[in-house]
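K.L.:
Once you've had a glance at the structure underneath, I'll fire off some questions.
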Amino acid sequence: MQAHAAILCLALAACSTSPASSPAAAEAAAKAEAAAEAATKAEAAAEDWSGFGVLENILNWTPEQQLRGYRNMDKIHPTRPIPASDDPYPLPARPVALSGLGYEVQGETFDVDGFFEHNQVVGLLVIKGGEVVVERYARGNTPATKWYSFSVAKSVVSMLIGAAVRDGYIQTLDAPVTDYLPILAGSAYAGVTIRDALQMASGVEWDEDYADPQSDVASTGGSALDRLLYLRNKPRAAAPGEVFNYNTGETNLLGAVLRAAIGNNLSSYLENKIWGPFGMEHDANWLLLAPGGAEHGGCCLSATLRDYGRIGLFAMRDGRLRDGTSVLPDGWMAESTTPSAANPRYGQLWWLGGNGVYSAIGIYGQAIQIDPTRDLIIVTQSAWPRATGREFSRHRAALFQAITVAIGN
């Protein structure tokens, strides 16, 4: 597929339009904008999902399958819908041109167009002071496109566990996970607390190699029960709380803890605690481990670019709604973004960047970076050709830093 020219919803060209423009020029500009929008919709329709059938292993998708599949997960696998709010959180636009912005990686300079091309980006959103200053789409995506989040969903699970603590369903993070999941009693998870699992420090052996089809993350499948039975047979590699080991199976475990605590599914709890009350603009969906079953706690929320930005705003507001109502316990986000004993760059399902900056990060280039000090949120949606890659991460980090310098102060 040929990537469509990226759409800048802020209409950068309009930022420099002269007040003296003639009515004829204004009409011509409006027609050009309508034509561009029609072309975008036509390209999106041409590239969209059709006839995929059931695709078993998302880690093996081709670039075409990535583009068409990530935005149509509900047509490929079972998902649970999360309805939009009746009162969306307002995101007014204040256009900022990035045409002159550059960043450097290993001695080579790139601009924003180069970032989109190199990192196969489909969406970039920047929110400063509660206003959208940059909103750009590519490769057929539009403001209404729902995009697969991968491990960005882990950070959402962290906030849902916080909501369950505030609601009284979970009394303490220092409770053993076996209090909620007795099926794990007598396994290596005996003595592992909810906090240990949130910090990826259970000490239970796990292989998160996305490129190895025999690794735990690549080969574990089945229902929520199947996955708990798989974890029950894993050996211990270290004492709980001491060694960081990134573990998607552990966030599926946390999803099971949350379901046991609240007596409901994760999608409904997200809808009732955050999605509806905070004001998400579009429907979302969450991948299920089996038809009609439990959500994938370690992955797989699909939402629009702006609603990922609103997730960042909710976190940056310390889990408070627009009217000031607290959904999360007081100090929850500060606790969640405090370095753990096992890893100074990781909190409770949040990656930490220093100077108060923290991020929800998913493989293949998904990210929400939150900078409370600068009141700045940066979101990317991407389709990297590999699950992880230092080269892609360098480009993202360099662009985010350039945006922070240009816009954040």
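Identifiers in the structure tokens: chain A, B, ... in order shown; residue index from 1 per chain; ligand index from 1 in order shown.
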Counting only C-alpha atoms, give me one row per residue of region 179-241 of chain A with an atom at most 12 Å from an atom of region 359-371 of chain A, showing the shortest contact pair and its distance in Å to one decimal, sorted by chain then residue number, as a tab-separated table.

P.N.:
residue	atom	partner	partner_atom	distance
A:Glu208	CA	A:Ile363	CA	11.6
A:Asp209	CA	A:Ile363	CA	11.6
A:Tyr210	CA	A:Ile363	CA	9.3
A:Ala211	CA	A:Ile363	CA	11.9

K.L.:
Can you tell me which residues surround region 290-307 of chain A at a distance of at most 8 Å, considering only C-alpha atoms, apart from same-chain residues fewer than 4 positions away, and format the answer as a compact mmCIF listing (two decimals) with N, CA and C atoms, in the first residue's frame?

P.N.:
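Contents of selection.txt, freshly written:
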# COMPACT_ATOMS: atom_id res chain seq x y z
N ARG A 71 -6.77 -1.64 13.05
CA ARG A 71 -7.92 -0.74 13.15
C ARG A 71 -9.26 -1.46 12.99
N MET A 73 -9.91 -4.72 14.81
CA MET A 73 -9.76 -5.90 15.63
C MET A 73 -11.10 -6.55 15.97
N PRO A 78 -12.87 -11.89 18.89
CA PRO A 78 -13.94 -11.47 19.81
C PRO A 78 -13.48 -10.32 20.69
N THR A 79 -14.32 -9.31 20.81
CA THR A 79 -14.04 -8.15 21.65
C THR A 79 -15.29 -7.80 22.45
N ARG A 80 -15.11 -6.97 23.46
CA ARG A 80 -16.25 -6.45 24.21
C ARG A 80 -16.29 -4.94 24.00
N GLY A 123 -0.63 7.92 13.49
CA GLY A 123 -1.28 8.99 14.23
C GLY A 123 -0.33 9.64 15.23
N LEU A 124 -0.35 10.96 15.28
CA LEU A 124 0.42 11.73 16.26
C LEU A 124 -0.48 12.79 16.86
N LEU A 125 -0.55 12.83 18.18
CA LEU A 125 -1.39 13.79 18.89
C LEU A 125 -0.55 14.45 19.97
N PRO A 143 -9.70 10.58 12.36
CA PRO A 143 -10.04 10.80 13.77
C PRO A 143 -10.98 9.76 14.35
N ALA A 144 -11.72 9.04 13.51
CA ALA A 144 -12.66 8.03 14.01
C ALA A 144 -12.06 6.63 14.05
N THR A 145 -10.80 6.47 13.65
CA THR A 145 -10.18 5.14 13.59
C THR A 145 -9.82 4.64 14.98
N LYS A 146 -10.29 3.46 15.32
CA LYS A 146 -9.85 2.80 16.56
C LYS A 146 -8.59 2.01 16.24
N TRP A 147 -7.57 2.15 17.09
CA TRP A 147 -6.27 1.52 16.84
C TRP A 147 -5.88 0.68 18.04
N TYR A 148 -5.32 -0.47 17.77
CA TYR A 148 -4.93 -1.48 18.76
C TYR A 148 -3.79 -0.94 19.63
N SER A 149 -3.89 -1.10 20.94
CA SER A 149 -2.94 -0.45 21.84
C SER A 149 -1.81 -1.33 22.33
N PHE A 150 -1.94 -2.66 22.20
CA PHE A 150 -0.99 -3.57 22.83
C PHE A 150 -0.85 -3.20 24.31
N SER A 151 0.41 -3.05 24.82
CA SER A 151 0.60 -2.94 26.26
C SER A 151 0.26 -1.58 26.85
N VAL A 152 -0.17 -0.63 26.03
CA VAL A 152 -0.74 0.59 26.60
C VAL A 152 -1.88 0.21 27.55
N ALA A 153 -2.57 -0.87 27.23
CA ALA A 153 -3.69 -1.33 28.07
C ALA A 153 -3.24 -1.71 29.47
N LYS A 154 -1.98 -2.11 29.65
CA LYS A 154 -1.50 -2.45 30.99
C LYS A 154 -1.65 -1.27 31.94
N VAL A 157 -5.13 -0.96 33.04
CA VAL A 157 -5.41 -1.94 34.10
C VAL A 157 -4.91 -1.43 35.44
N GLY A 222 -5.40 -19.43 24.81
CA GLY A 222 -6.56 -19.99 25.48
C GLY A 222 -7.29 -19.00 26.35
N SER A 223 -8.20 -19.50 27.15
CA SER A 223 -9.06 -18.68 28.00
C SER A 223 -8.29 -18.14 29.20
N ALA A 224 -8.97 -17.34 30.01
CA ALA A 224 -8.35 -16.83 31.23
C ALA A 224 -7.96 -17.97 32.15
N THR A 248 3.85 -10.18 30.37
CA THR A 248 2.45 -9.95 29.98
C THR A 248 1.51 -10.93 30.67
N GLY A 249 1.99 -12.15 30.92
CA GLY A 249 1.16 -13.11 31.64
C GLY A 249 0.74 -12.60 33.00
N GLU A 250 1.59 -11.80 33.61
CA GLU A 250 1.30 -11.26 34.94
C GLU A 250 0.19 -10.22 34.90
N THR A 251 0.08 -9.47 33.80
CA THR A 251 -1.04 -8.53 33.72
C THR A 251 -2.34 -9.24 33.38
N ASN A 252 -2.27 -10.38 32.70
CA ASN A 252 -3.47 -11.21 32.59
C ASN A 252 -3.88 -11.71 33.97
N LEU A 253 -2.90 -12.05 34.79
CA LEU A 253 -3.17 -12.45 36.16
C LEU A 253 -3.83 -11.30 36.92
N LEU A 254 -3.31 -10.08 36.76
CA LEU A 254 -3.90 -8.92 37.44
C LEU A 254 -5.32 -8.66 36.95
N GLY A 255 -5.57 -8.91 35.64
CA GLY A 255 -6.94 -8.80 35.15
C GLY A 255 -7.85 -9.78 35.84
N ALA A 256 -7.34 -10.99 36.10
CA ALA A 256 -8.13 -12.00 36.81
C ALA A 256 -8.36 -11.60 38.26
N ASN A 265 -16.65 -7.66 34.52
CA ASN A 265 -15.58 -7.69 33.53
C ASN A 265 -14.87 -6.34 33.45
N LEU A 266 -13.68 -6.34 32.86
CA LEU A 266 -12.86 -5.14 32.82
C LEU A 266 -13.47 -4.04 31.95
N SER A 267 -14.10 -4.43 30.84
CA SER A 267 -14.68 -3.43 29.94
C SER A 267 -15.80 -2.65 30.63
N MET A 280 -15.01 10.04 27.19
CA MET A 280 -14.36 9.58 25.96
C MET A 280 -15.32 9.74 24.78
N GLU A 281 -14.79 10.20 23.66
CA GLU A 281 -15.62 10.65 22.54
C GLU A 281 -16.16 9.51 21.68
N HIS A 282 -15.41 8.41 21.57
CA HIS A 282 -15.77 7.33 20.66
C HIS A 282 -15.89 6.01 21.40
N ASP A 283 -16.66 5.11 20.78
CA ASP A 283 -16.69 3.73 21.29
C ASP A 283 -15.29 3.14 21.21
N ALA A 284 -15.00 2.24 22.13
CA ALA A 284 -13.76 1.48 22.11
C ALA A 284 -14.12 0.00 22.20
N ASN A 285 -13.12 -0.86 22.17
CA ASN A 285 -13.37 -2.27 22.42
C ASN A 285 -12.12 -2.90 23.02
N TRP A 286 -12.32 -4.05 23.67
CA TRP A 286 -11.22 -4.74 24.36
C TRP A 286 -11.24 -6.20 23.94
N ILE A 311 -7.07 9.50 27.93
CA ILE A 311 -6.54 8.61 28.96
C ILE A 311 -5.36 9.29 29.64
N VAL A 379 1.00 11.43 22.03
CA VAL A 379 0.48 10.09 21.72
C VAL A 379 0.93 9.70 20.32
N THR A 380 1.40 8.46 20.18
CA THR A 380 1.67 7.94 18.84
C THR A 380 0.93 6.61 18.65
N GLN A 381 0.46 6.42 17.44
CA GLN A 381 -0.06 5.13 16.98
C GLN A 381 0.78 4.73 15.78

K.L.:
With only C-alpha atoms counted and 10 Å as the cut-off, give the residues of region 299-393 of chain A in contact with region 88-92 of chain A, each with its shortest interatomic distance in Å and the pair that gives it, as a Markdown table.

P.N.:
| residue | atom | partner | partner_atom | distance |
| --- | --- | --- | --- | --- |
| A:Arg306 | CA | A:Leu91 | CA | 8.4 |
| A:Asp307 | CA | A:Tyr89 | CA | 9.2 |
| A:Gly309 | CA | A:Leu91 | CA | 9.5 |
| A:Arg310 | CA | A:Tyr89 | CA | 7.6 |
| A:Leu313 | CA | A:Tyr89 | CA | 9.8 |
| A:Leu321 | CA | A:Tyr89 | CA | 9.5 |
| A:Arg322 | CA | A:Tyr89 | CA | 8.1 |

K.L.:
As an exercise, work out the distance from CA of Pro81 (chain A) to CA of Ser268 (chain A) in Å and give it to one decimal place.

P.N.:
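Taking CA of Pro81 (chain A) as the start and CA of Ser268 (chain A) as the end point, the length is 8.7 Å.
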
K.L.:
Using backbone DSSP assignments, extract all alpha helix (DSSP H) residues from region 151-351 of chain A; output them as a PyMOL selection string.

P.N.:
chain A and resi 152-166+194-198+216-219+224-232+248-262+266-270+305-316+332-336

K.L.:
Restricting the calculation to only C-alpha atoms: of A:Ile183, A:Val327, A:Val96, A:Met159, which residue gets closest to Phe278 (chain A)?

P.N.:
A:Val327

K.L.:
Using DSSP assignments from the backbone, pull out every residue in region 43-292 of chain A that falls under strand (DSSP E or B) and give it to me as a count of residues only.

P.N.:
39

K.L.:
So which one's closest to Gly354 (chain A), A:His395, A:Thr373, A:Asp74, A:Thr178? Using only C-alpha atoms, please.

P.N.:
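The closest residue to Gly354 (chain A) is A:Thr373.
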
K.L.:
Got a sec: who's within 8 Å of Ser187 (chain A), counting only C-alpha atoms, leaving out chain neighbours fewer than 5 positions off, as number ranges by chain?

P.N.:
A: 232-235

K.L.:
Let's have the selection written as a compact mmCIF listing (two decimals), in the first residue's frame, with N, CA and C atoms.

P.N.:
# COMPACT_ATOMS: atom_id res chain seq x y z
N ARG A 232 0.41 -21.34 36.75
CA ARG A 232 0.54 -22.18 37.95
C ARG A 232 1.70 -23.17 37.82
N ASN A 233 2.06 -23.50 36.60
CA ASN A 233 3.13 -24.47 36.39
C ASN A 233 4.50 -23.84 36.16
N LYS A 234 4.58 -22.50 36.22
CA LYS A 234 5.86 -21.84 36.02
C LYS A 234 6.70 -21.91 37.30
N PRO A 235 8.02 -22.11 37.17
CA PRO A 235 8.89 -22.19 38.35
C PRO A 235 9.28 -20.80 38.86

K.L.:
Hey, what's within 7 Å of Val132 (chain A) if we count only C-alpha atoms and toss same-chain stuff fewer than 4 positions away? As a VMD selection string, please?

P.N.:
chain A and resid 91 to 94 126 to 128

K.L.:
Write the residues of the selection above to a file with C-alpha atoms, as a PDB file, in the first residue's frame.

P.N.:
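Below you can see selection-v4.pdb, which holds the result:
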ATOM      1  CA  LEU A  91     -10.403  19.128  23.381  1.00  0.00           C
ATOM      2  CA  PRO A  92     -10.234  22.553  21.728  1.00  0.00           C
ATOM      3  CA  ALA A  93      -7.696  23.003  18.946  1.00  0.00           C
ATOM      4  CA  ARG A  94      -4.862  25.547  19.025  1.00  0.00           C
ATOM      5  CA  VAL A 126       0.014  16.515  21.127  1.00  0.00           C
ATOM      6  CA  ILE A 127      -2.077  18.068  23.913  1.00  0.00           C
ATOM      7  CA  LYS A 128      -0.680  21.128  25.686  1.00  0.00           C
TER       8      LYS A 128
END

K.L.:
In Å, how far is it from CA of Val133 (chain A) to CA of Phe115 (chain A)?

P.N.:
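CA of Val133 (chain A) sits 17.7 Å away from CA of Phe115 (chain A).
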
K.L.:
Pick from A:Met316, A:Ala402, A:Ser326, A:Leu287: nearest to Lys75 (chain A), with only C-alpha atoms counted?

P.N.:
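Using only C-alpha atoms, the shortest distance to Lys75 (chain A) belongs to A:Leu287.
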